[in-house]
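> This is the structure, below, for whatever I ask next.
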Amino acid sequence: MKTIVALVDLSDLTFKVLKQAHSMARAFMCEVIILNVLTKEPVTVDLGIVSPTILQAPSAEDAQKHCTQLLEMRDSLLKFGVSATVQQSSAESVDDLLEETQKLGADMMILGTHHHSTIYDLFIGSFANDVLKRAHCPVLVVPSNETEETK
């Protein structure tokens with residue numbers, strides 16, 4: 001194994017994903033690529049009675065803020081002896097993201113999963129589930145500590 005891609009969404013779960021990436025990278029002496037997808041944000045357009053919601057690309061300021069956070073994460077891994085780089089992606093689907101991880105030479109992916117209700121997963125779906133179904137390499141899924149009772 002040469003390359004681990006850690007998919008991070010900059011949520012509370014990011015630290016746990018990076019901790020696992022650090023452990024795996026040290027064990028297998030490989031590089032970590034910290035990958036963050038710049039997701040489009042929903043914006044409501046006020047047109048009176050009908051107010052549609054459209055998806056808008058993140059602003060340059062938000063992208064730079066995310067990049068700064070990613071660089072801090074990279075520096076943290078470097079400090080502990082793990083070779084690491086960062087990437088930002090504008091992949092719009094799971095297939096686009098998987099194609100990108102394949103181009104990066106991912107031998108393993110690590111991602112976190114947020115616990116949602118069964119109804120949410122039924123109608124919206126689960127990103128982690130979609131990645132697991134279509135992945136081209138092994139995937140380590142890091143669960144959040146949330147439970148249905150704590151929501």
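In the structure tokens, the first chain shown is A, the next is B, and so on; residue numbers restart at 1 for each chain, and ligands run from 1 in the order shown.
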Mind checking which residues fall within 9 Å of A:Leu18, counting only C-alpha atoms, ignoring those fewer than 5 positions away in the same chain, and posting them as an MDAnalysis selection string?
chainID A and resid 6:8 13 23 34 73 77 110
> Mind writing the picked residues with C-alpha atoms as a short mmCIF file (atom, residue, chain, number, x, y, z; two decimals), in the first residue's frame?

```cif
data_model
loop_
_atom_site.label_atom_id
_atom_site.label_comp_id
_atom_site.auth_asym_id
_atom_site.auth_seq_id
_atom_site.Cartn_x
_atom_site.Cartn_y
_atom_site.Cartn_z
CA ALA A 6 -8.75 10.46 3.69
CA LEU A 7 -12.09 11.95 2.65
CA VAL A 8 -12.92 14.79 5.03
CA LEU A 13 -15.82 13.57 12.40
CA SER A 23 -2.46 5.06 12.29
CA ILE A 34 -6.44 14.62 2.59
CA MET A 73 -4.41 19.08 9.07
CA LEU A 77 0.28 14.74 10.10
CA ILE A 110 -10.92 6.37 4.83
#
```
> For the structure I just gave you, how does DSSP split stretch 11-136 of chain A - specifically, which residues are strand (DSSP E)? Reply as a list of chain:residue names.
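Those residues are A:Glu31, A:Val32, A:Ile33, A:Ile34, A:Leu35, A:Asn36, A:Val37, A:Glu41, A:Pro42, A:Val43, A:Thr44, A:Thr53, A:Ile54, A:Leu55, A:Gln56, A:Ala84, A:Thr85, A:Val86, A:Gln87, A:Gln88, A:Ser89, A:Met108, A:Met109, A:Ile110, A:Leu111, A:Gly112, A:Thr113.
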> I'd like the neighbourhood of A:His66 as a list of chain:residue names, where a residue qualifies if any of its atoms comes within 10 Å (using only C-alpha atoms), though same-chain residues fewer than 2 positions away should be ignored.
A:Asp9, A:Leu10, A:Asn36, A:Val37, A:Leu38, A:Ala60, A:Glu61, A:Asp62, A:Ala63, A:Gln64, A:Thr68, A:Gln69, A:Leu70, A:Leu71, A:Glu72, A:Gln88
> Counting only C-alpha atoms, figure out which residue out of A:Gly105, A:Pro52, A:Gly112, A:Gly81 gets nearest to A:Pro143.
A:Gly112
> Measuring atom to atom with only C-alpha atoms, identify which of A:Phe80, A:Thr39, A:Cys67, A:Pro58 is nearest to A:Ala25.
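Closest residue, counting only C-alpha atoms: A:Phe80.
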> State, in Å with one decimal place, the distance from atom CA of A:Phe127 to atom CA of A:Cys30.
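These two atoms are separated by 25.5 Å.
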> Given the choices A:Leu35, A:Val141, A:Gln102, A:Lys65, which gets closest to A:Ser89 if the distance is worked out from only C-alpha atoms?
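Selected residue with least distance to A:Ser89: A:Leu35.
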> If we count only C-alpha atoms, what is near A:Ala106 at a cut-off of 7 Å, once residues fewer than 5 positions away on the same chain are taken out, given as a PyMOL selection string?
chain A and resi 3-5+101
> With only C-alpha atoms as the atoms that count, which of A:Glu92, A:Cys137, A:Asp75, A:Ala84 lies nearest to A:Leu55?
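Smallest distance to A:Leu55 is found for A:Glu92.
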> Calculate how many Å separate atom CA of A:Ser11 from atom CA of A:Met109, rounding to one decimal.
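Answer for the atom CA of A:Ser11 to atom CA of A:Met109 separation: 17.4 Å.
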> Figure out the distance between atom CA of A:Val142 and atom CA of A:Met1, please, to one decimal in Å.
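Distance reported for this atom pair: 19.4 Å.
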> May I ask which of the residues A:Pro138, A:Ala21, A:Asp130, A:Lys16 is the closest one to A:Arg74, counting only C-alpha atoms?
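Closest candidate: A:Ala21.
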> For a quick check of understanding, using only C-alpha atoms, which of A:Ala128, A:Val86, A:Ala135, A:Ala57 has the smallest distance to A:Asp107?
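Of A:Ala128, A:Val86, A:Ala135, A:Ala57, the one nearest A:Asp107, counting only C-alpha atoms, is A:Ala135.
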